[in-house]
file upload-v7.pdb (PDB, C-alpha atoms)
MODEL        1
ATOM      1  CA  MET A 636     -23.355  62.624 -49.110
ATOM      2  CA  LEU A 637     -26.723  64.347 -49.205
ATOM      3  CA  LYS A 638     -28.103  61.940 -46.599
ATOM      4  CA  LEU A 639     -25.160  62.698 -44.323
ATOM      5  CA  ALA A 640     -25.695  66.460 -44.629
ATOM      6  CA  GLY A 641     -29.417  66.069 -43.963
ATOM      7  CA  SER A 642     -28.734  63.837 -40.973
ATOM      8  CA  ILE A 643     -26.319  66.362 -39.503
ATOM      9  CA  LEU A 644     -28.867  69.153 -39.984
ATOM     10  CA  VAL A 645     -31.601  67.115 -38.264
ATOM     11  CA  VAL A 646     -29.364  66.356 -35.263
ATOM     12  CA  ILE A 647     -28.169  69.957 -35.004
ATOM     13  CA  SER A 648     -31.717  71.312 -35.197
ATOM     14  CA  SER A 649     -32.898  68.903 -32.516
ATOM     15  CA  LEU A 650     -30.002  69.973 -30.272
ATOM     16  CA  LEU A 651     -30.865  73.630 -30.873
ATOM     17  CA  TYR A 652     -34.449  72.918 -29.894
ATOM     18  CA  GLY A 653     -33.224  71.244 -26.713
ATOM     19  CA  SER A 654     -31.118  74.295 -25.842
ATOM     20  CA  LYS A 655     -34.133  76.542 -26.469
ATOM     21  CA  VAL A 656     -36.153  74.496 -23.996
ATOM     22  CA  CYS A 657     -33.300  74.758 -21.480
ATOM     23  CA  ARG A 658     -33.249  78.552 -21.849
ATOM     24  CA  GLU A 659     -37.019  78.684 -21.289
ATOM     25  CA  LEU A 660     -36.660  76.607 -18.135
ATOM     26  CA  SER A 661     -33.973  78.967 -16.860
ATOM     27  CA  GLU A 662     -36.139  81.946 -17.773
ATOM     28  CA  HIS A 663     -38.975  80.401 -15.773
ATOM     29  CA  VAL A 664     -36.853  80.430 -12.612
ATOM     30  CA  GLY A 665     -35.695  83.955 -13.429
ATOM     31  CA  GLN A 666     -39.273  85.160 -13.765
ATOM     32  CA  LEU A 667     -40.200  83.622 -10.437
ATOM     33  CA  VAL A 668     -37.329  85.541  -8.856
ATOM     34  CA  GLY A 669     -38.583  88.651 -10.689
ATOM     35  CA  LEU A 670     -42.047  88.097  -9.209
ATOM     36  CA  LYS A 671     -40.597  87.986  -5.723
ATOM     37  CA  GLU A 672     -38.547  91.119  -6.400
ATOM     38  CA  MET A 673     -41.660  92.900  -7.675
ATOM     39  CA  LEU A 674     -43.534  91.967  -4.500
ATOM     40  CA  LEU A 675     -40.617  93.120  -2.381
ATOM     41  CA  MET A 676     -40.472  96.488  -4.147
ATOM     42  CA  LEU A 677     -44.234  96.857  -3.875
ATOM     43  CA  ARG A 678     -44.067  96.151  -0.161
ATOM     44  CA  GLY A 679     -41.385  98.802   0.191
ATOM     45  CA  GLU A 680     -43.415 101.378  -1.714
ATOM     46  CA  ILE A 681     -46.501 100.707   0.406
ATOM     47  CA  SER A 682     -44.797 100.465   3.788
ATOM     48  CA  TYR A 683     -42.060 103.084   3.684
ATOM     49  CA  ALA A 684     -43.037 105.608   1.040
ATOM     50  CA  ARG A 685     -46.835 105.237   1.490
ATOM     51  CA  THR A 686     -47.105 105.609  -2.273
ATOM     52  CA  PRO A 687     -50.552 105.216  -3.901
ATOM     53  CA  LEU A 688     -50.887 102.053  -5.990
ATOM     54  CA  LYS A 689     -50.843 103.762  -9.381
ATOM     55  CA  GLU A 690     -47.620 105.639  -8.599
ATOM     56  CA  ALA A 691     -46.081 102.558  -6.962
ATOM     57  CA  PHE A 692     -46.777 100.507 -10.078
ATOM     58  CA  GLN A 693     -45.199 103.191 -12.278
ATOM     59  CA  GLN A 694     -42.099 103.474 -10.102
ATOM     60  CA  ILE A 695     -41.592  99.719  -9.908
ATOM     61  CA  ALA A 696     -42.186  99.404 -13.670
ATOM     62  CA  ALA A 697     -39.414 101.959 -14.248
ATOM     63  CA  GLN A 698     -36.999  99.916 -12.097
ATOM     64  CA  GLY A 699     -38.168  96.395 -12.832
ATOM     65  CA  LYS A 700     -37.422  93.732 -15.385
ATOM     66  CA  GLU A 701     -39.573  92.494 -18.207
ATOM     67  CA  PRO A 702     -42.253  91.118 -18.374
ATOM     68  CA  PHE A 703     -43.173  92.636 -15.005
ATOM     69  CA  SER A 704     -42.233  96.127 -16.088
ATOM     70  CA  SER A 705     -44.763  96.240 -18.936
ATOM     71  CA  PHE A 706     -47.317  94.380 -16.805
ATOM     72  CA  LEU A 707     -47.125  96.994 -14.043
ATOM     73  CA  GLU A 708     -47.188  99.819 -16.579
ATOM     74  CA  LYS A 709     -50.470  98.448 -17.959
ATOM     75  CA  ALA A 710     -51.763  98.035 -14.404
ATOM     76  CA  ALA A 711     -50.950 101.687 -13.642
ATOM     77  CA  GLN A 712     -52.688 102.837 -16.814
ATOM     78  CA  GLY A 713     -55.741 100.729 -16.030
ATOM     79  CA  LEU A 714     -56.035 102.121 -12.517
ATOM     80  CA  GLY A 715     -56.705 105.535 -14.020
ATOM     81  CA  GLY A 716     -59.905 104.231 -15.608
ATOM     82  CA  LYS A 717     -63.273 103.624 -14.042
ATOM     83  CA  GLU A 718     -62.860 100.019 -12.943
ATOM     84  CA  GLU A 719     -65.454  98.457 -10.676
ATOM     85  CA  ASN A 720     -62.808  96.920  -8.441
ATOM     86  CA  ILE A 721     -59.042  96.671  -8.498
ATOM     87  CA  GLY A 722     -58.964  92.935  -7.831
ATOM     88  CA  GLU A 723     -61.155  92.134 -10.832
ATOM     89  CA  PHE A 724     -59.102  94.453 -13.036
ATOM     90  CA  TRP A 725     -55.871  92.780 -11.835
ATOM     91  CA  ARG A 726     -57.267  89.306 -12.554
ATOM     92  CA  ARG A 727     -58.236  90.271 -16.112
ATOM     93  CA  LEU A 728     -54.831  91.842 -16.682
ATOM     94  CA  VAL A 729     -53.070  88.674 -15.511
ATOM     95  CA  GLU A 730     -55.225  86.607 -17.878
ATOM     96  CA  GLN A 731     -54.446  88.945 -20.785
ATOM     97  CA  GLU A 732     -50.713  88.977 -20.090
ATOM     98  CA  ALA A 733     -50.367  85.270 -19.228
ATOM     99  CA  GLY A 734     -48.630  84.573 -22.545
ATOM    100  CA  ASN A 735     -45.735  86.849 -21.563
ATOM    101  CA  PHE A 736     -44.855  84.722 -18.532
ATOM    102  CA  TYR A 737     -43.293  81.254 -18.333
ATOM    103  CA  PHE A 738     -45.605  80.448 -15.428
ATOM    104  CA  SER A 739     -47.664  77.396 -14.575
ATOM    105  CA  LYS A 740     -51.312  77.733 -13.591
ATOM    106  CA  GLU A 741     -50.298  77.667  -9.932
ATOM    107  CA  GLU A 742     -47.832  80.500 -10.433
ATOM    108  CA  LEU A 743     -50.322  82.560 -12.448
ATOM    109  CA  GLY A 744     -52.818  81.949  -9.649
ATOM    110  CA  LEU A 745     -50.350  83.441  -7.185
ATOM    111  CA  LEU A 746     -49.953  86.509  -9.387
ATOM    112  CA  GLU A 747     -53.750  86.821  -9.598
ATOM    113  CA  ARG A 748     -54.131  86.564  -5.823
ATOM    114  CA  VAL A 749     -51.623  89.378  -5.305
ATOM    115  CA  GLY A 750     -54.116  91.926  -6.622
ATOM    116  CA  GLU A 751     -57.243  90.561  -4.955
ATOM    117  CA  ASN A 752     -57.027  92.767  -1.878
ATOM    118  CA  PHE A 753     -55.614  95.975  -3.319
ATOM    119  CA  GLY A 754     -57.750  98.892  -2.262
ATOM    120  CA  TYR A 755     -59.806  96.924   0.271
ATOM    121  CA  LEU A 756     -57.462  96.352   3.164
ATOM    122  CA  ASP A 757     -55.600  98.816   5.324
ATOM    123  CA  VAL A 758     -51.865  99.241   4.880
ATOM    124  CA  GLN A 759     -50.883  96.696   7.533
ATOM    125  CA  MET A 760     -53.104  93.978   6.077
ATOM    126  CA  GLN A 761     -51.822  94.663   2.562
ATOM    127  CA  LEU A 762     -48.257  94.336   3.855
ATOM    128  CA  LYS A 763     -49.091  91.037   5.588
ATOM    129  CA  ASN A 764     -50.657  89.743   2.375
ATOM    130  CA  LEU A 765     -47.598  90.768   0.368
ATOM    131  CA  GLU A 766     -45.334  88.981   2.854
ATOM    132  CA  LEU A 767     -47.479  85.859   2.513
ATOM    133  CA  TYR A 768     -47.244  86.020  -1.283
ATOM    134  CA  MET A 769     -43.472  86.529  -1.085
ATOM    135  CA  GLU A 770     -43.184  83.390   1.055
ATOM    136  CA  GLN A 771     -45.276  81.466  -1.466
ATOM    137  CA  ALA A 772     -43.115  82.810  -4.298
ATOM    138  CA  GLN A 773     -39.996  81.678  -2.423
ATOM    139  CA  VAL A 774     -41.416  78.163  -2.118
ATOM    140  CA  LEU A 775     -42.132  78.127  -5.863
ATOM    141  CA  ILE A 776     -38.602  79.388  -6.593
ATOM    142  CA  GLU A 777     -37.020  76.661  -4.470
ATOM    143  CA  LYS A 778     -39.179  74.003  -6.104
ATOM    144  CA  ALA A 779     -38.337  75.251  -9.620
ATOM    145  CA  GLN A 780     -34.613  75.439  -8.814
ATOM    146  CA  LYS A 781     -34.628  71.838  -7.563
ATOM    147  CA  GLU A 782     -36.264  70.654 -10.766
ATOM    148  CA  LEU A 783     -34.271  72.881 -13.128
ATOM    149  CA  MET A 784     -31.149  70.762 -13.579
ATOM    150  CA  ASP A 785     -33.092  67.519 -14.031
ATOM    151  CA  ARG A 786     -35.467  69.074 -16.541
ATOM    152  CA  GLN A 787     -32.646  70.669 -18.511
ATOM    153  CA  LYS A 788     -30.774  67.379 -18.658
ATOM    154  CA  LEU A 789     -33.955  65.606 -19.743
ATOM    155  CA  ALA A 790     -34.654  68.217 -22.435
ATOM    156  CA  ARG A 791     -31.145  67.938 -23.882
ATOM    157  CA  THR A 792     -31.199  64.134 -23.818
ATOM    158  CA  LEU A 793     -34.676  63.836 -25.337
ATOM    159  CA  SER A 794     -33.930  66.332 -28.081
ATOM    160  CA  LEU A 795     -30.764  64.449 -29.031
ATOM    161  CA  MET A 796     -32.537  61.098 -28.938
ATOM    162  CA  CYS A 797     -35.426  62.408 -31.035
ATOM    163  CA  GLY A 798     -32.988  63.802 -33.579
ATOM    164  CA  LEU A 799     -31.104  60.518 -33.795
ATOM    165  CA  PHE A 800     -34.349  58.560 -34.033
ATOM    166  CA  LEU A 801     -35.517  60.790 -36.862
ATOM    167  CA  VAL A 802     -32.197  60.291 -38.668
ATOM    168  CA  ILE A 803     -32.565  56.512 -38.344
ATOM    169  CA  LEU A 804     -36.117  56.674 -39.704
ATOM    170  CA  LEU A 805     -35.100  58.818 -42.647
ATOM    171  CA  ILE A 806     -32.087  56.708 -43.602
TER
ENDMDL
END
call {"tool": "encode", "arguments": {"input": "upload-v7.pdb", "output": "structure tokens"}}
result
Amino acid sequence: MLKLAGSILVVISSLLYGSKVCRELSEHVGQLVGLKEMLLMLRGEISYARTPLKEAFQQIAAQGKEPFSSFLEKAAQGLGGKEENIGEFWRRLVEQEAGNFYFSKEELGLLERVGENFGYLDVQMQLKNLELYMEQAQVLIEKAQKELMDRQKLARTLSLMCGLFLVILLI
């Protein structure tokens, strides 16, 4: 009876782990969409309102979703300091906050590149760069959405199989 209870607990815990992985995969796609939304709002603040970067970051942080909201809040606070260049500051901030995102290296690289030209280019060039980054984000979103269902199915199947294998080993 004790073996049966232990076996059920092992299988249930492996299934719970599989569902956790599935949620993380879904969150990954959601964060990519959030990145695109952040870029879209930033483009709007720069093009229509002509808002300075620090104020634009604060306004978008107030409207945005996590983890981008806290990221932009930290970016706005850091812009008040005496940084040597905005791009370098942005890169360091992305590296510090990388643990808050479910992003691959490629996706973190895109986020780093977003801030490279802040403060250097005129408004039109910054808008063109933001449009380019939004297109790249859209490609990443489409790629992640295509892979999402397969990866979720794989995660659920592998977690169940690992749980059953562990039960067989323990019995």
call {"tool": "atom_distance", "arguments": {"input": "upload-v7.pdb", "atom1": "atom CA of Gly641 of chain A", "atom2": "atom CA of Arg658 of chain A"}}
result
25.7 Å
call {"tool": "atom_distance", "arguments": {"input": "upload-v7.pdb", "atom1": "atom CA of Tyr737 of chain A", "atom2": "atom CA of Leu801 of chain A"}}
result
28.7 Å
call {"tool": "residues_near_point", "arguments": {"input": "upload-v7.pdb", "point": "(-40.2, 100.5, -13.1)", "cutoff": "6 Å", "atoms": "only C-alpha atoms", "output": "JSON, numbers by chain"}}
result
{"A": [693, 694, 695, 696, 697, 698, 699, 704]}
call {"tool": "closest_residue", "arguments": {"input": "upload-v7.pdb", "among": "A:Glu770, A:Gln666, A:Leu637, A:Glu777", "to": "Leu743 of chain A", "atoms": "all atoms listed in the file"}}
result
A:Gln666
call {"tool": "closest_residue", "arguments": {"input": "upload-v7.pdb", "among": "A:His663, A:Lys638, A:Arg685, A:Lys700", "to": "Val758 of chain A", "atoms": "all atoms listed in the file"}}
result
A:Arg685
call {"tool": "closest_residue", "arguments": {"input": "upload-v7.pdb", "among": "A:Met636, A:Ala684, A:Leu651, A:Leu728", "to": "Leu793 of chain A", "atoms": "all atoms listed in the file"}}
result
A:Leu651
call {"tool": "atom_distance", "arguments": {"input": "upload-v7.pdb", "atom1": "atom CA of Ile681 of chain A", "atom2": "atom CA of Glu662 of chain A"}}
result
28.1 Å
call {"tool": "residues_around", "arguments": {"input": "upload-v7.pdb", "residues": "Arg791 of chain A", "least_positions_apart": "6", "cutoff": "8 Å", "atoms": "all atoms listed in the file", "output": "ChimeraX atom specification"}}
result
/A:650,653-654,657
call {"tool": "closest_residue", "arguments": {"input": "upload-v7.pdb", "among": "A:Ala640, A:Tyr768, A:Arg786, A:Leu677", "to": "Gly744 of chain A", "atoms": "only C-alpha atoms"}}
result
A:Tyr768
call {"tool": "residues_around", "arguments": {"input": "upload-v7.pdb", "residues": "Val645 of chain A", "least_positions_apart": "6", "cutoff": "9 Å", "atoms": "only C-alpha atoms", "output": "list in words"}}
result
Gly798, Leu799, Leu801 and Val802 of chain A
call {"tool": "resolve_selection", "arguments": {"input": "upload-v7.pdb", "expression": "the PyMOL selection byres ((chain A and resi 711) around 8)", "output": "list in words"}}
result
Leu688, Lys689, Glu690, Phe692, Gln693, Leu707, Glu708, Lys709, Ala710, Gln712, Gly713, Leu714 and Gly715 of chain A
call {"tool": "closest_residue", "arguments": {"input": "upload-v7.pdb", "among": "A:Glu747, A:Glu659, A:Glu782, A:Glu766", "to": "Leu674 of chain A", "atoms": "all atoms listed in the file"}}
result
A:Glu766
call {"tool": "resolve_selection", "arguments": {"input": "upload-v7.pdb", "expression": "the PyMOL selection byres ((chain A and resi 723) around 12)", "output": "list in words"}}
result
Ala710, Gly713, Leu714, Glu718, Glu719, Asn720, Ile721, Gly722, Phe724, Trp725, Arg726, Arg727, Leu728, Val729, Glu730, Glu747, Arg748, Val749, Gly750, Glu751, Asn752, Phe753 and Gly754 of chain A
call {"tool": "residues_around", "arguments": {"input": "upload-v7.pdb", "residues": "Val664 of chain A", "least_positions_apart": "5", "cutoff": "12 Å", "atoms": "all atoms listed in the file", "output": "PyMOL selection string"}}
result
chain A and resi 657-659+669-671+736-739+742+772-784
call {"tool": "closest_residue", "arguments": {"input": "upload-v7.pdb", "among": "A:Leu804, A:Met673, A:Asp785, A:Ser648", "to": "Glu701 of chain A", "atoms": "all atoms listed in the file"}}
result
A:Met673
call {"tool": "residues_around", "arguments": {"input": "upload-v7.pdb", "residues": "Arg678 of chain A", "least_positions_apart": "4", "cutoff": "7 Å", "atoms": "all atoms listed in the file", "output": "list of chain:residue names"}}
result
A:Leu674, A:Ser682, A:Leu762, A:Leu765
call {"tool": "build_atoms", "arguments": {"input": "upload-v7.pdb", "residues": "segment 785-802 of chain A", "atoms": "N, CA and C atoms", "output": "short mmCIF file (atom, residue, chain, number, x, y, z; two decimals), in the frame of the given file"}}
result
data_model
loop_
_atom_site.label_atom_id
_atom_site.label_comp_id
_atom_site.auth_asym_id
_atom_site.auth_seq_id
_atom_site.Cartn_x
_atom_site.Cartn_y
_atom_site.Cartn_z
N ASP A 785 -32.57 68.77 -13.50
CA ASP A 785 -33.09 67.52 -14.03
C ASP A 785 -33.86 67.74 -15.32
N ARG A 786 -34.68 68.80 -15.34
CA ARG A 786 -35.47 69.07 -16.54
C ARG A 786 -34.59 69.50 -17.71
N GLN A 787 -33.55 70.27 -17.43
CA GLN A 787 -32.65 70.67 -18.51
C GLN A 787 -31.92 69.46 -19.08
N LYS A 788 -31.47 68.58 -18.20
CA LYS A 788 -30.77 67.38 -18.66
C LYS A 788 -31.73 66.51 -19.49
N LEU A 789 -32.95 66.38 -19.02
CA LEU A 789 -33.96 65.61 -19.74
C LEU A 789 -34.25 66.22 -21.11
N ALA A 790 -34.37 67.54 -21.17
CA ALA A 790 -34.65 68.22 -22.44
C ALA A 790 -33.52 68.01 -23.44
N ARG A 791 -32.29 68.14 -22.98
CA ARG A 791 -31.14 67.94 -23.88
C ARG A 791 -31.09 66.49 -24.37
N THR A 792 -31.28 65.55 -23.45
CA THR A 792 -31.20 64.13 -23.82
C THR A 792 -32.33 63.75 -24.78
N LEU A 793 -33.55 64.18 -24.46
CA LEU A 793 -34.68 63.84 -25.34
C LEU A 793 -34.55 64.47 -26.71
N SER A 794 -34.07 65.70 -26.77
CA SER A 794 -33.93 66.33 -28.08
C SER A 794 -32.88 65.60 -28.92
N LEU A 795 -31.79 65.20 -28.30
CA LEU A 795 -30.76 64.45 -29.03
C LEU A 795 -31.31 63.09 -29.48
N MET A 796 -31.99 62.41 -28.59
CA MET A 796 -32.54 61.10 -28.94
C MET A 796 -33.59 61.20 -30.04
N CYS A 797 -34.42 62.22 -29.98
CA CYS A 797 -35.43 62.41 -31.04
C CYS A 797 -34.77 62.70 -32.37
N GLY A 798 -33.71 63.52 -32.35
CA GLY A 798 -32.99 63.80 -33.58
C GLY A 798 -32.36 62.55 -34.17
N LEU A 799 -31.72 61.75 -33.32
CA LEU A 799 -31.10 60.52 -33.80
C LEU A 799 -32.15 59.53 -34.29
N PHE A 800 -33.27 59.45 -33.60
CA PHE A 800 -34.35 58.56 -34.03
C PHE A 800 -34.89 58.99 -35.39
N LEU A 801 -35.04 60.29 -35.58
CA LEU A 801 -35.52 60.79 -36.86
C LEU A 801 -34.51 60.49 -37.99
N VAL A 802 -33.23 60.61 -37.68
CA VAL A 802 -32.20 60.29 -38.67
C VAL A 802 -32.28 58.82 -39.06
#
